[in-house]
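Dropping input26.cif in here (mmCIF, C-alpha atoms and all ligand atoms):
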data_query
#
loop_
_atom_site.label_atom_id
_atom_site.label_comp_id
_atom_site.auth_asym_id
_atom_site.auth_seq_id
_atom_site.Cartn_x
_atom_site.Cartn_y
_atom_site.Cartn_z
CA MET A 1 0.00 0.00 0.00
CA ALA A 2 1.34 3.43 -0.93
CA SER A 3 2.24 5.82 1.85
CA LEU A 4 0.06 8.91 2.04
CA ASP A 5 2.80 10.95 3.73
CA HIS A 6 2.79 13.43 0.85
CA LEU A 7 -0.66 14.54 2.05
CA LYS A 8 0.96 16.07 5.14
CA THR A 9 2.30 18.87 2.95
CA GLN A 10 -0.07 18.78 -0.02
CA ALA A 11 -3.27 20.84 0.27
CA GLU A 12 -5.24 19.10 -2.49
CA ARG A 13 -6.92 15.72 -2.14
CA ARG A 14 -8.06 13.71 -5.16
CA LEU A 15 -9.94 10.70 -3.93
CA ILE A 16 -12.04 7.78 -5.07
CA PHE A 17 -14.57 6.23 -2.65
CA LEU A 18 -15.13 2.63 -3.67
CA GLY A 19 -17.67 0.19 -2.24
CA PRO A 20 -21.14 -1.31 -2.73
CA ALA A 21 -24.47 0.48 -2.42
CA GLY A 22 -25.15 1.49 1.19
CA CYS A 23 -21.57 1.20 2.48
CA GLY A 24 -21.52 4.91 3.42
CA LYS A 25 -19.74 6.65 0.53
CA GLY A 26 -22.20 9.56 0.34
CA THR A 27 -22.34 10.00 4.12
CA GLN A 28 -18.55 10.15 4.43
CA SER A 29 -18.22 12.34 1.33
CA ALA A 30 -20.10 15.09 3.18
CA VAL A 31 -17.60 14.93 6.07
CA VAL A 32 -14.43 14.72 3.98
CA LYS A 33 -15.66 17.38 1.55
CA GLU A 34 -16.12 19.80 4.46
CA ALA A 35 -12.75 18.95 6.04
CA PHE A 36 -10.72 19.69 2.92
CA LYS A 37 -13.11 21.94 0.92
CA LEU A 38 -13.32 19.40 -1.88
CA ASN A 39 -15.88 18.97 -4.65
CA HIS A 40 -18.12 15.95 -4.18
CA LEU A 41 -18.60 14.31 -7.57
CA SER A 42 -21.28 11.64 -7.27
CA THR A 43 -22.27 10.20 -10.64
CA GLY A 44 -25.47 8.83 -9.04
CA ASP A 45 -26.44 12.37 -7.94
CA MET A 46 -25.56 13.77 -11.38
CA LEU A 47 -27.71 11.15 -13.09
CA ARG A 48 -30.63 11.70 -10.67
CA GLU A 49 -30.42 15.44 -11.42
CA ALA A 50 -30.63 14.68 -15.14
CA VAL A 51 -33.63 12.39 -14.52
CA ALA A 52 -35.38 15.07 -12.43
CA ALA A 53 -34.68 17.71 -15.09
CA GLY A 54 -36.11 15.42 -17.78
CA THR A 55 -33.11 15.89 -20.10
CA ASP A 56 -32.48 13.41 -22.95
CA LEU A 57 -29.69 11.89 -20.89
CA GLY A 58 -32.03 11.61 -17.89
CA LYS A 59 -34.68 9.91 -20.00
CA LYS A 60 -32.10 7.37 -21.19
CA ALA A 61 -30.74 6.77 -17.67
CA LYS A 62 -33.99 6.44 -15.70
CA ALA A 63 -35.03 2.89 -16.59
CA ILE A 64 -31.45 1.64 -16.27
CA MET A 65 -31.11 3.14 -12.78
CA ASP A 66 -34.51 1.89 -11.63
CA ALA A 67 -33.45 -1.61 -12.69
CA GLY A 68 -30.13 -1.38 -10.80
CA GLU A 69 -28.07 -1.73 -13.99
CA LEU A 70 -25.15 0.46 -15.02
CA VAL A 71 -25.52 3.50 -17.26
CA SER A 72 -23.07 3.41 -20.18
CA ASP A 73 -19.39 4.14 -19.56
CA SER A 74 -19.38 6.95 -22.15
CA ILE A 75 -22.27 8.78 -20.46
CA VAL A 76 -20.76 8.73 -16.97
CA LEU A 77 -17.27 9.56 -18.24
CA GLY A 78 -18.77 12.57 -20.04
CA LEU A 79 -20.45 13.73 -16.81
CA VAL A 80 -17.24 13.43 -14.81
CA GLU A 81 -15.17 15.12 -17.51
CA GLN A 82 -17.46 18.17 -17.39
CA LYS A 83 -16.89 18.63 -13.65
CA ILE A 84 -13.45 17.37 -12.76
CA SER A 85 -11.40 20.22 -14.22
CA SER A 86 -13.05 22.82 -11.94
CA CYS A 87 -12.14 21.44 -8.51
CA PRO A 88 -9.48 23.80 -7.09
CA ASN A 89 -8.75 21.82 -3.88
CA GLY A 90 -9.42 18.40 -5.34
CA PHE A 91 -12.42 16.09 -5.42
CA ILE A 92 -14.11 12.98 -4.09
CA LEU A 93 -15.35 10.63 -6.79
CA ASP A 94 -18.29 8.78 -5.23
CA GLY A 95 -19.74 5.88 -7.20
CA PHE A 96 -17.27 6.37 -10.07
CA PRO A 97 -15.46 4.54 -11.57
CA ARG A 98 -17.68 1.45 -11.50
CA THR A 99 -16.04 -0.53 -14.32
CA VAL A 100 -12.48 -1.11 -15.46
CA ALA A 101 -13.29 0.82 -18.67
CA GLN A 102 -14.36 3.82 -16.55
CA ALA A 103 -11.16 3.55 -14.50
CA GLU A 104 -9.10 3.55 -17.69
CA GLY A 105 -11.03 6.57 -18.99
CA LEU A 106 -10.45 8.36 -15.68
CA SER A 107 -6.75 7.56 -15.82
CA GLU A 108 -6.47 9.19 -19.27
CA LEU A 109 -8.40 12.21 -18.05
CA THR A 110 -6.31 12.75 -14.92
CA LYS A 111 -3.11 12.39 -16.98
CA LYS A 112 -4.36 14.99 -19.44
CA LEU A 113 -5.27 17.40 -16.61
CA ASN A 114 -2.17 16.56 -14.53
CA THR A 115 -4.37 15.81 -11.50
CA PRO A 116 -3.31 12.34 -10.29
CA ILE A 117 -5.51 10.39 -7.87
CA ASP A 118 -3.98 10.35 -4.35
CA ALA A 119 -5.97 7.49 -2.86
CA VAL A 120 -8.75 5.01 -3.49
CA ILE A 121 -10.61 4.29 -0.26
CA LEU A 122 -12.31 0.91 -0.20
CA PHE A 123 -15.28 0.77 2.18
CA ASP A 124 -14.97 -2.77 3.55
CA ILE A 125 -18.28 -4.15 4.82
CA ASP A 126 -20.23 -7.38 5.15
CA GLU A 127 -22.98 -7.70 2.59
CA ASP A 128 -25.47 -8.60 5.39
CA LEU A 129 -25.37 -5.05 6.77
CA LEU A 130 -26.13 -3.35 3.48
CA LEU A 131 -29.78 -4.20 2.80
CA ARG A 132 -30.98 -2.57 6.05
CA ARG A 133 -28.90 0.51 5.33
CA VAL A 134 -30.19 0.83 1.77
CA CYS A 135 -33.87 0.21 2.53
CA GLY A 136 -33.88 2.70 5.43
CA ARG A 137 -32.08 5.44 3.50
CA ARG A 138 -33.89 8.74 3.00
CA VAL A 139 -32.42 11.57 0.93
CA HIS A 140 -32.86 15.32 0.62
CA ALA A 141 -32.49 15.40 -3.15
CA PRO A 142 -31.58 19.09 -3.70
CA SER A 143 -28.62 18.97 -1.27
CA GLY A 144 -27.76 15.26 -1.33
CA ARG A 145 -28.04 15.08 2.49
CA VAL A 146 -28.48 11.48 3.55
CA TYR A 147 -30.52 10.16 6.50
CA HIS A 148 -31.52 6.75 7.81
CA ILE A 149 -34.80 5.95 9.51
CA GLU A 150 -32.97 4.05 12.31
CA PHE A 151 -29.27 4.97 12.19
CA ASN A 152 -29.46 8.69 11.38
CA PRO A 153 -33.07 9.85 11.62
CA PRO A 154 -34.03 13.44 10.77
CA LYS A 155 -35.26 15.64 13.65
CA VAL A 156 -38.75 15.62 12.13
CA GLU A 157 -39.80 12.42 10.40
CA GLY A 158 -39.65 12.70 6.61
CA LYS A 159 -38.20 16.25 6.62
CA ASP A 160 -34.72 17.63 5.95
CA ASP A 161 -33.15 19.08 9.14
CA ILE A 162 -31.93 22.26 7.44
CA THR A 163 -34.69 23.23 5.00
CA GLY A 164 -37.69 21.30 6.34
CA GLU A 165 -38.28 20.05 2.79
CA PRO A 166 -39.51 16.50 2.23
CA LEU A 167 -37.08 13.57 2.08
CA ILE A 168 -37.38 10.99 -0.66
CA HIS A 169 -37.12 7.21 -0.59
CA ARG A 170 -35.13 6.37 -3.74
CA LYS A 171 -36.96 4.07 -6.13
CA ASP A 172 -33.94 1.77 -6.38
CA ASP A 173 -33.61 1.45 -2.57
CA ASN A 174 -35.67 -1.74 -2.27
CA GLU A 175 -34.69 -5.36 -1.71
CA GLU A 176 -35.13 -6.59 -5.28
CA THR A 177 -33.14 -3.77 -6.91
CA PHE A 178 -30.52 -3.95 -4.16
CA LYS A 179 -29.87 -7.61 -5.08
CA LYS A 180 -29.38 -6.64 -8.71
CA ARG A 181 -27.06 -3.75 -7.76
CA MET A 182 -25.03 -6.10 -5.54
CA ALA A 183 -24.65 -8.61 -8.39
CA VAL A 184 -23.54 -5.83 -10.74
CA TYR A 185 -21.09 -4.58 -8.07
CA LYS A 186 -19.53 -8.04 -7.79
CA SER A 187 -19.16 -8.61 -11.52
CA GLU A 188 -18.36 -5.09 -12.81
CA THR A 189 -17.00 -3.01 -9.92
CA ALA A 190 -15.19 -5.41 -7.57
CA PRO A 191 -12.42 -5.98 -10.20
CA LEU A 192 -11.38 -2.39 -9.45
CA ILE A 193 -10.07 -3.58 -6.07
CA ASP A 194 -7.40 -5.52 -7.90
CA TYR A 195 -6.92 -2.74 -10.45
CA TYR A 196 -6.22 -0.09 -7.79
CA THR A 197 -4.18 -2.47 -5.60
CA LYS A 198 -1.85 -2.96 -8.58
CA ALA A 199 -1.76 0.81 -9.06
CA ASN A 200 -0.65 1.05 -5.40
CA LEU A 201 -3.54 3.37 -4.53
CA LEU A 202 -5.92 1.20 -2.50
CA HIS A 203 -6.59 1.83 1.21
CA ARG A 204 -9.20 -0.17 3.15
CA ILE A 205 -11.34 1.18 5.96
CA ASP A 206 -13.83 -0.73 8.11
CA ALA A 207 -17.18 0.67 6.96
CA SER A 208 -19.25 -1.50 9.31
CA LYS A 209 -18.42 0.75 12.30
CA PRO A 210 -20.62 3.66 13.42
CA THR A 211 -20.50 6.73 11.15
CA ALA A 212 -18.29 8.82 13.48
CA ASP A 213 -15.69 6.04 13.74
CA VAL A 214 -15.57 5.64 9.97
CA SER A 215 -15.10 9.41 9.54
CA LYS A 216 -12.26 9.37 12.06
CA ALA A 217 -10.49 6.53 10.24
CA ILE A 218 -10.77 8.26 6.86
CA LEU A 219 -9.71 11.68 8.13
CA SER A 220 -6.71 10.20 9.89
CA LEU A 221 -5.72 8.29 6.74
CA LEU A 222 -5.91 11.55 4.80
CA CYS A 223 -3.80 13.43 7.36
CA ALA A 224 -6.59 15.77 8.39
CA ALA A 225 -4.76 16.83 11.57
CA THR A 226 -2.47 19.19 9.70
CA HIS A 227 -5.39 21.24 8.35
P1 LIG A 301 -23.63 4.91 -0.34
O1 LIG A 301 -23.42 6.35 -0.77
O2 LIG A 301 -22.36 4.14 -0.24
O3 LIG A 301 -24.66 4.19 -1.14
P2 LIG A 301 -24.85 6.16 2.02
O4 LIG A 301 -23.80 7.06 2.56
O5 LIG A 301 -25.98 6.78 1.29
O6 LIG A 301 -24.19 4.96 1.17
O7 LIG A 301 -25.39 5.31 3.27
C1 LIG A 301 -26.45 4.36 3.10
C2 LIG A 301 -27.40 4.47 4.31
O8 LIG A 301 -26.72 3.97 5.47
C3 LIG A 301 -27.84 5.90 4.63
O9 LIG A 301 -29.18 5.85 5.05
C4 LIG A 301 -26.91 6.32 5.78
O10 LIG A 301 -27.56 7.23 6.66
C5 LIG A 301 -26.61 5.00 6.46
N1 LIG A 301 -25.22 4.90 6.96
C6 LIG A 301 -24.09 5.38 6.37
N2 LIG A 301 -23.00 5.06 7.10
C7 LIG A 301 -23.45 4.36 8.16
C8 LIG A 301 -22.80 3.75 9.30
N3 LIG A 301 -21.46 3.80 9.45
N4 LIG A 301 -23.57 3.10 10.19
C9 LIG A 301 -24.93 3.04 10.03
N5 LIG A 301 -25.60 3.60 8.99
C10 LIG A 301 -24.86 4.25 8.07
P1 LIG A 302 -25.59 5.51 -6.67
O1 LIG A 302 -26.24 6.84 -6.37
O2 LIG A 302 -24.10 5.58 -6.70
O3 LIG A 302 -26.13 4.41 -5.80
O4 LIG A 302 -26.02 5.15 -8.17
C1 LIG A 302 -27.38 4.96 -8.52
C2 LIG A 302 -27.46 4.38 -9.92
O5 LIG A 302 -26.94 5.32 -10.87
C3 LIG A 302 -26.67 3.10 -10.16
O6 LIG A 302 -27.35 1.93 -9.74
C4 LIG A 302 -26.48 3.15 -11.68
O7 LIG A 302 -27.66 2.81 -12.36
C5 LIG A 302 -26.24 4.64 -11.92
N1 LIG A 302 -24.79 4.99 -11.81
C6 LIG A 302 -24.22 5.79 -10.87
N2 LIG A 302 -22.90 5.88 -11.08
C7 LIG A 302 -22.62 5.12 -12.17
C8 LIG A 302 -21.43 4.79 -12.86
N3 LIG A 302 -20.23 5.26 -12.48
N4 LIG A 302 -21.53 3.97 -13.93
C9 LIG A 302 -22.70 3.50 -14.34
N5 LIG A 302 -23.87 3.75 -13.73
C10 LIG A 302 -23.84 4.56 -12.64
#

Would you mind writing the file's structure down as C-alpha cells?
Amino acid sequence: MASLDHLKTQAERRLIFLGPAGCGKGTQSAVVKEAFKLNHLSTGDMLREAVAAGTDLGKKAKAIMDAGELVSDSIVLGLVEQKISSCPNGFILDGFPRTVAQAEGLSELTKKLNTPIDAVILFDIDEDLLLRRVCGRRVHAPSGRVYHIEFNPPKVEGKDDITGEPLIHRKDDNEETFKKRMAVYKSETAPLIDYYTKANLLHRIDASKPTADVSKAILSLLCAATH
C-alpha cells in the first residue's frame, strides 16, 4: 500500500470512494468534503439530477437506474469530464469509476489534466449489513443530504433538518433492486479492487463501524490533523 505521507504537505486531495451500495460513501463524502473543501462528484447524484430535469440523458438513464443496472461508460465519463477540471482543492469521486473501462477513462483524463488520484478508499463491509442501510435510506435530493430511519433519523420524520423540505425514498432502494445492484457490483466493480491495488492506490477502511468512527479513520488516513 502506498504511503500517504505526501498529504501532510499537499493541500489538495483527489480521492475515489469505492464500495457497494449502502456502504456509506455519500455519508462520508459530506464529512471529507467539508474537512478539505473538496468537490463531491457523485455520478449517481448527477444522473438523478438529469432524470429530475427530464433531459435526454435523464430519460435514457432512468429505466437503467430503476433496474439497478449500469448507465453506459461513455455517459458517466462525459459527466465526470465536465466537472473534474473545476475542482481547485481536489475532489471525491463517489460511485465512479464502476467498471475497469471507466477507471481507464479516468486515468487518461487525470493524466491529461495533470491531476493524479492520491488514494482510493475501499469501504470494507459485510454484505449482510447493506440491505438494512439501503432500505432505510432517505435523501434530501436538492442537497444530497443522507438520512436513515434508524441509524441517522431526521429531527422531524420525513423532513430535511436544514430546510424542512420532504425527504425521498429512492426508487432503487428496495430489496429486489438492491440484489441486482449487488450482483452488478460483484461482476463489474469489484475488479477495481485488484486494479487499484496494482496501481498502489488502494486503502481499506472498516465501513461496518458507526458513522463517526468511519469518519475518524478516513480523516486520519488523509492526514486531516495538519489542516
Ligand atoms: P452509499 O453512498 O455508499 O450508497 P450512504 O452514505 O448513502 O451509502 O449510506 C447508506 C445508508 O446507510 C444511509 O441511510 C446512511 O444514513 C446509512 N449509513 C451510512 N454510514 C453508516 C454507518 N457507518 N452506520 C450506520 N448507517 C450508516
Ligand atoms: P448511486 O447513487 O451511486 O447508488 O447510483 C445509482 C445508480 O446510478 C446506479 O445503480 C447506476 O444505475 C447509476 N450509476 C451511478 N454511477 C454510475 C457509474 N459510475 N456507472 C454506471 N452507472 C452509474

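Between ligand LIG 301 (chain A) and the candidates A:Thr27, A:Gln10, A:Thr189, A:Ser86, the tightest atom-to-atom separation, counting all atoms listed in the file, involves A:Thr27.
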
Ligand LIG 301 (chain A), all listed atoms, 5 Å padding on each side: what axis-aligned box centre and edge lengths in Å to one decimal come out, as lines of an AutoDock Vina configuration file?
center_x = -25.3
center_y = 5.1
center_z = 4.5
size_x = 17.7
size_y = 14.2
size_z = 21.3

Restricting to all atoms listed in the file, whichever of A:Glu108, A:Glu49, A:Asp161, A:Asp173 is closest to ligand LIG 301 (chain A) is A:Asp173

Distance query Leu131 in chain A at most 8 Å, all atoms listed in the file, self and fewer than 5 positions along chain excluded, as a PyMOL selection string: chain A and resi 22+175+178

Dump C-alpha atoms for the selected residues as a compact mmCIF listing (two decimals), in the frame of the given file?
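That gives us part-v8.txt:
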# COMPACT_ATOMS: atom_id res chain seq x y z
CA GLY A 22 -25.15 1.49 1.19
CA GLU A 175 -34.69 -5.36 -1.71
CA PHE A 178 -30.52 -3.95 -4.16

Contacts between ligand LIG 302 (chain A) and chain A, please, where a residue of chain A counts if it comes within 7 Å (with only C-alpha atoms and all ligand atoms); show its shortest atom pair and distance in Å to one decimal, rows by chain and ascending number, as a tab-separated table.
residue	atom	partner	partner_atom	distance
A:Ala21	CA	A:LIG302	O3	5.4
A:Ser42	CA	A:LIG302	O2	6.7
A:Thr43	CA	A:LIG302	N2	4.4
A:Gly44	CA	A:LIG302	O1	3.4
A:Asp45	CA	A:LIG302	O1	5.8
A:Leu47	CA	A:LIG302	O5	6.3
A:Ile64	CA	A:LIG302	O7	5.6
A:Met65	CA	A:LIG302	O7	3.5
A:Asp66	CA	A:LIG302	O7	6.9
A:Gly68	CA	A:LIG302	O6	4.5
A:Glu69	CA	A:LIG302	O7	4.8
A:Leu70	CA	A:LIG302	N5	3.8
A:Val71	CA	A:LIG302	N5	3.9
A:Ser72	CA	A:LIG302	C9	5.9
A:Asp73	CA	A:LIG302	N4	6.0
A:Val76	CA	A:LIG302	N3	5.7
A:Asp94	CA	A:LIG302	O2	6.8
A:Gly95	CA	A:LIG302	O2	4.4
A:Phe96	CA	A:LIG302	N3	4.0
A:Pro97	CA	A:LIG302	N3	4.9
A:Arg98	CA	A:LIG302	N3	4.7
A:Arg181	CA	A:LIG302	O6	6.0

Point-to-point distance from CA of Arg133 in chain A to atom O10 of ligand LIG 301 (chain A), Å rounded to tenths: 7.0 Å

Among listed residues A:Gly24, A:Leu122, A:Ile205, A:Thr99, nearest ligand LIG 301 (chain A) (using only C-alpha atoms and all ligand atoms):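 Ranked by minimum distance to ligand LIG 301 (chain A), first place goes to A:Gly24.
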
For ligand LIG 301 (chain A), the nearest of the candidates A:Tyr195, A:Phe151, A:Phe91, A:Tyr185, counting all atoms listed in the file: A:Phe151

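With CA of Ile168 in chain A on one side and atom O10 of ligand LIG 301 (chain A) on the other, the separation reads 12.8 Å.
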
Residue with smallest distance to ligand LIG 301 (chain A) - pool A:Ile193, A:Asn39, A:Arg204, A:Lys25, counting all atoms listed in the file: A:Lys25
